[in-house]
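All remarks here apply to the structure that follows.
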Amino acid sequence: MHKLLVVEDEKDVREFLYDELTDAGFRVTAVKDGVNAIVTAAEQSFDLVLLDMLMPGLDGIQTIKVLQKVAPSMPIIGLTGYVGRGYMAQASAYGVTCLSKPLDMDSLLREVNEALRSAR
């Protein structure tokens, strides 16, 4: 069973992702910000991270930079509701695919499964 780390500052979205991904058969740990994501990823290993791009404190790009040092082979998928702010292009520069919110769960699950397959 694959372990996913969900990083999302909005509680409702975090809980929705936790529930949906757990129902899809993943073991999910959900945290509310980049600092907690980095600490959690340093303490445990994960197969993939779903990362909100716009969060208070460390934003998604800053978090990606650190996570790629902590766990260089761990795939990251970015999530953003702010397509026009350049997060997708910035994330792409770090090899991170970024999906736009609101999320279509079928599309998200396809991306997650494809990233997990590619990481093997």
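Ordered as shown in the structure tokens, chains take letters A, B, and onward, while each chain numbers its residues from 1 and ligands are numbered from 1 in the order shown.
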Distance query region 64-77 of chain A at most 7 Å, only C-alpha atoms, self and fewer than 2 positions along chain excluded, as a PDB file with N, CA and C atoms, in the first residue's frame:
ATOM      1  N   ILE A  38       7.841  19.206   5.676  1.00  0.00           N
ATOM      2  CA  ILE A  38       9.280  18.939   5.685  1.00  0.00           C
ATOM      3  C   ILE A  38       9.662  18.071   6.886  1.00  0.00           C
ATOM      4  N   ALA A  42      10.925  14.199   6.692  1.00  0.00           N
ATOM      5  CA  ALA A  42      12.244  13.868   7.230  1.00  0.00           C
ATOM      6  C   ALA A  42      12.151  12.699   8.221  1.00  0.00           C
ATOM      7  N   ASP A  47       5.721   7.672  -0.531  1.00  0.00           N
ATOM      8  CA  ASP A  47       5.856   7.335  -1.944  1.00  0.00           C
ATOM      9  C   ASP A  47       5.558   8.525  -2.841  1.00  0.00           C
ATOM     10  N   LEU A  48       4.798   9.506  -2.319  1.00  0.00           N
ATOM     11  CA  LEU A  48       4.410  10.667  -3.124  1.00  0.00           C
ATOM     12  C   LEU A  48       3.876  11.761  -2.208  1.00  0.00           C
ATOM     13  N   VAL A  49       4.052  13.015  -2.650  1.00  0.00           N
ATOM     14  CA  VAL A  49       3.504  14.164  -1.928  1.00  0.00           C
ATOM     15  C   VAL A  49       2.528  14.901  -2.829  1.00  0.00           C
ATOM     16  N   LEU A  50       1.362  15.233  -2.286  1.00  0.00           N
ATOM     17  CA  LEU A  50       0.426  16.157  -2.920  1.00  0.00           C
ATOM     18  C   LEU A  50       0.558  17.468  -2.170  1.00  0.00           C
ATOM     19  N   LEU A  51       0.953  18.517  -2.867  1.00  0.00           N
ATOM     20  CA  LEU A  51       1.380  19.758  -2.221  1.00  0.00           C
ATOM     21  C   LEU A  51       0.610  20.968  -2.733  1.00  0.00           C
ATOM     22  N   GLY A  60       4.459  26.595  -1.750  1.00  0.00           N
ATOM     23  CA  GLY A  60       4.741  25.320  -2.388  1.00  0.00           C
ATOM     24  C   GLY A  60       6.127  25.244  -3.007  1.00  0.00           C
ATOM     25  N   ILE A  61       6.564  26.317  -3.659  1.00  0.00           N
ATOM     26  CA  ILE A  61       7.871  26.308  -4.320  1.00  0.00           C
ATOM     27  C   ILE A  61       8.992  26.176  -3.284  1.00  0.00           C
ATOM     28  N   GLN A  62       8.904  26.926  -2.204  1.00  0.00           N
ATOM     29  CA  GLN A  62       9.915  26.829  -1.136  1.00  0.00           C
ATOM     30  C   GLN A  62       9.914  25.421  -0.539  1.00  0.00           C
ATOM     31  N   LEU A  79      -0.693  21.307  -6.303  1.00  0.00           N
ATOM     32  CA  LEU A  79      -2.116  21.624  -6.429  1.00  0.00           C
ATOM     33  C   LEU A  79      -2.288  23.125  -6.264  1.00  0.00           C
ATOM     34  N   VAL A  96       8.003  19.206 -11.194  1.00  0.00           N
ATOM     35  CA  VAL A  96       6.755  18.934 -10.480  1.00  0.00           C
ATOM     36  C   VAL A  96       5.562  19.287 -11.372  1.00  0.00           C
ATOM     37  N   THR A  97       4.676  18.315 -11.582  1.00  0.00           N
ATOM     38  CA  THR A  97       3.425  18.568 -12.284  1.00  0.00           C
ATOM     39  C   THR A  97       2.488  19.276 -11.329  1.00  0.00           C
ATOM     40  N   CYS A  98       1.771  20.269 -11.834  1.00  0.00           N
ATOM     41  CA  CYS A  98       0.849  21.024 -10.987  1.00  0.00           C
ATOM     42  C   CYS A  98      -0.558  20.902 -11.561  1.00  0.00           C
ATOM     43  N   ALA A 115       2.454   8.868 -11.513  1.00  0.00           N
ATOM     44  CA  ALA A 115       3.682   9.305 -10.835  1.00  0.00           C
ATOM     45  C   ALA A 115       4.290   8.160 -10.038  1.00  0.00           C
ATOM     46  N   ALA A 119       7.956   6.424 -10.775  1.00  0.00           N
ATOM     47  CA  ALA A 119       8.976   6.500  -9.725  1.00  0.00           C
ATOM     48  C   ALA A 119       9.627   5.144  -9.445  1.00  0.00           C
TER      49      ALA A 119
END
DSSP strand (DSSP E or B) selection over region 2-92 of chain A, as a list in words:
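The strand (DSSP E or B) subset of region 2-92 of chain A is Lys3, Leu4, Leu5, Val6, Val7, Arg27, Val28, Thr29, Ala30, Val31, Leu48, Val49, Leu50, Leu51, Asp52, Ile76, Ile77, Gly78, Leu79 and Thr80 of chain A.
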Keeping only C-alpha atoms, take the residues you just selected and write them out as a CSV table (one decimal), in the first residue's frame.
chain,number,residue,atom,x,y,z
A,3,LYS,CA,2.0,6.1,1.5
A,4,LEU,CA,1.0,9.6,0.5
A,5,LEU,CA,1.7,12.9,2.2
A,6,VAL,CA,-1.0,15.6,1.6
A,7,VAL,CA,0.0,19.2,2.3
A,27,ARG,CA,-2.2,5.3,3.5
A,28,VAL,CA,-2.5,9.0,3.9
A,29,THR,CA,-0.8,11.5,6.3
A,30,ALA,CA,-2.2,15.0,6.0
A,31,VAL,CA,-0.5,18.2,7.3
A,48,LEU,CA,4.4,10.7,-3.1
A,49,VAL,CA,3.5,14.2,-1.9
A,50,LEU,CA,0.4,16.2,-2.9
A,51,LEU,CA,1.4,19.8,-2.2
A,52,ASP,CA,-0.7,22.9,-2.2
A,76,ILE,CA,5.6,15.6,-5.9
A,77,ILE,CA,2.3,16.7,-7.4
A,78,GLY,CA,1.4,20.4,-6.9
A,79,LEU,CA,-2.1,21.6,-6.4
A,80,THR,CA,-3.2,25.2,-7.1
Measuring between only C-alpha atoms, which one of A:Ala37, A:Val112, A:Leu58, A:Val13 shows the shortest distance to Gly81 (chain A)?
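When distances to Gly81 (chain A) are compared using only C-alpha atoms, the smallest one comes from A:Val13.
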Long-range neighbours of Asp12 (chain A) as a list in words, 12 Å cut-off, only C-alpha atoms, 6 positions minimum in chain:
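Neighbouring residues, sequence-local ones excluded: Tyr18, Asp19, Ala30 and Lys32 of chain A.
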Just checking: using only C-alpha atoms, which residue out of A:Phe46, A:Tyr82, A:Phe16, A:Phe26 ends up closest to Leu99 (chain A)?
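Selected residue with least distance to Leu99 (chain A): A:Tyr82.
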